[in-house]
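Okay, so here's the structure we're looking at.
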Amino acid sequence: MGFKHIYTLNRTDSKAIAAADHLGENVSAIRYQELPEMVNRVDAMATLPPAKRQS
């Protein structure tokens, strides 16, 4: 079992692209505006809270 493809999304497109590039071959970025459409196309979705900035 596994994922055939993984999508990254961030409010900042460049951060989503950087994450996808870092994660590898079967990962691609989607634009924040594409989220409503993608919800109906994926089998699973995970969300993360914002990271806390260190002082």
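Labels for the structure tokens follow display order: chains A, B, ..., residues from 1 in each chain, ligands from 1.
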
If you run DSSP on the backbone, which residues of chain A are alpha helix (DSSP H), as a list in words?
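Of chain A, the ones in alpha helix (DSSP H) are Asp13, Ser14, Lys15, Ala16, Ile17, Ala18, Ala19, Ala20, Asp21, His22, Leu23, Leu35, Pro36, Glu37, Met38 and Val39 of chain A.
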
Expected file: the selected residues, C-alpha atoms, as an mmCIF file, in the first residue's frame:
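Here's the written file result-v2.cif:
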data_model
loop_
_atom_site.group_PDB
_atom_site.id
_atom_site.type_symbol
_atom_site.label_atom_id
_atom_site.label_comp_id
_atom_site.auth_asym_id
_atom_site.auth_seq_id
_atom_site.Cartn_x
_atom_site.Cartn_y
_atom_site.Cartn_z
ATOM 1 C CA ASP A 13 3.055 28.830 -4.265
ATOM 2 C CA SER A 14 6.862 28.985 -4.082
ATOM 3 C CA LYS A 15 6.837 27.161 -0.733
ATOM 4 C CA ALA A 16 4.595 24.414 -2.132
ATOM 5 C CA ILE A 17 6.942 24.008 -5.099
ATOM 6 C CA ALA A 18 10.019 23.886 -2.848
ATOM 7 C CA ALA A 19 8.400 21.216 -0.678
ATOM 8 C CA ALA A 20 7.438 19.127 -3.701
ATOM 9 C CA ASP A 21 10.956 19.396 -5.126
ATOM 10 C CA HIS A 22 12.419 18.325 -1.785
ATOM 11 C CA LEU A 23 10.080 15.352 -1.367
ATOM 12 C CA LEU A 35 -7.798 23.299 -3.340
ATOM 13 C CA PRO A 36 -11.596 23.104 -3.840
ATOM 14 C CA GLU A 37 -11.147 21.072 -7.036
ATOM 15 C CA MET A 38 -8.489 18.789 -5.540
ATOM 16 C CA VAL A 39 -10.659 17.875 -2.547
#

Just list as a list of chain:residue names whatever in chain A DSSP marks as strand (DSSP E or B).
A:Ile6, A:Tyr7, A:Thr8, A:Leu9, A:Val27, A:Ser28, A:Ala29, A:Ile30

Given the selection you just returned, output its residues as a file containing N, CA, C and O atoms, formatted as an mmCIF file, in the first residue's frame.
data_model
loop_
_atom_site.group_PDB
_atom_site.id
_atom_site.type_symbol
_atom_site.label_atom_id
_atom_site.label_comp_id
_atom_site.auth_asym_id
_atom_site.auth_seq_id
_atom_site.Cartn_x
_atom_site.Cartn_y
_atom_site.Cartn_z
ATOM 1 N N ILE A 6 1.570 12.353 -4.606
ATOM 2 C CA ILE A 6 1.347 13.245 -3.470
ATOM 3 C C ILE A 6 1.374 14.681 -3.989
ATOM 4 O O ILE A 6 2.193 15.027 -4.836
ATOM 5 N N TYR A 7 0.487 15.491 -3.465
ATOM 6 C CA TYR A 7 0.435 16.900 -3.832
ATOM 7 C C TYR A 7 0.763 17.742 -2.611
ATOM 8 O O TYR A 7 0.328 17.430 -1.510
ATOM 9 N N THR A 8 1.525 18.795 -2.803
ATOM 10 C CA THR A 8 1.780 19.755 -1.730
ATOM 11 C C THR A 8 1.024 21.035 -2.048
ATOM 12 O O THR A 8 0.806 21.378 -3.207
ATOM 13 N N LEU A 9 0.627 21.721 -1.006
ATOM 14 C CA LEU A 9 -0.118 22.961 -1.168
ATOM 15 C C LEU A 9 0.294 23.895 -0.051
ATOM 16 O O LEU A 9 0.497 23.472 1.086
ATOM 17 N N VAL A 27 5.817 13.659 -6.330
ATOM 18 C CA VAL A 27 5.213 14.758 -5.586
ATOM 19 C C VAL A 27 5.167 15.989 -6.490
ATOM 20 O O VAL A 27 6.141 16.297 -7.169
ATOM 21 N N SER A 28 4.035 16.663 -6.507
ATOM 22 C CA SER A 28 3.944 17.907 -7.264
ATOM 23 C C SER A 28 3.145 18.927 -6.465
ATOM 24 O O SER A 28 2.344 18.578 -5.607
ATOM 25 N N ALA A 29 3.387 20.180 -6.764
ATOM 26 C CA ALA A 29 2.716 21.276 -6.064
ATOM 27 C C ALA A 29 1.431 21.643 -6.784
ATOM 28 O O ALA A 29 1.338 21.549 -8.006
ATOM 29 N N ILE A 30 0.450 22.056 -6.006
ATOM 30 C CA ILE A 30 -0.759 22.635 -6.589
ATOM 31 C C ILE A 30 -0.925 24.029 -6.009
ATOM 32 O O ILE A 30 -0.440 24.335 -4.921
#

Tell me which protein, DNA and RNA residues are within 12 Å of Pro50 of chain A, counting only C-alpha atoms, leaving out same-chain ones fewer than 3 positions away, and put them as JSON, numbers by chain.
{"A": [10, 11, 47, 53]}

So how many Å separate atom CA of Gln54 of chain A and atom CA of Gln33 of chain A, to one decimal?
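Spanning atom CA of Gln54 of chain A to atom CA of Gln33 of chain A is a straight-line distance of 29.4 Å.
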
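Coordinates place atom CA of Ala51 of chain A at a distance of 24.6 Å from atom CA of His5 of chain A.
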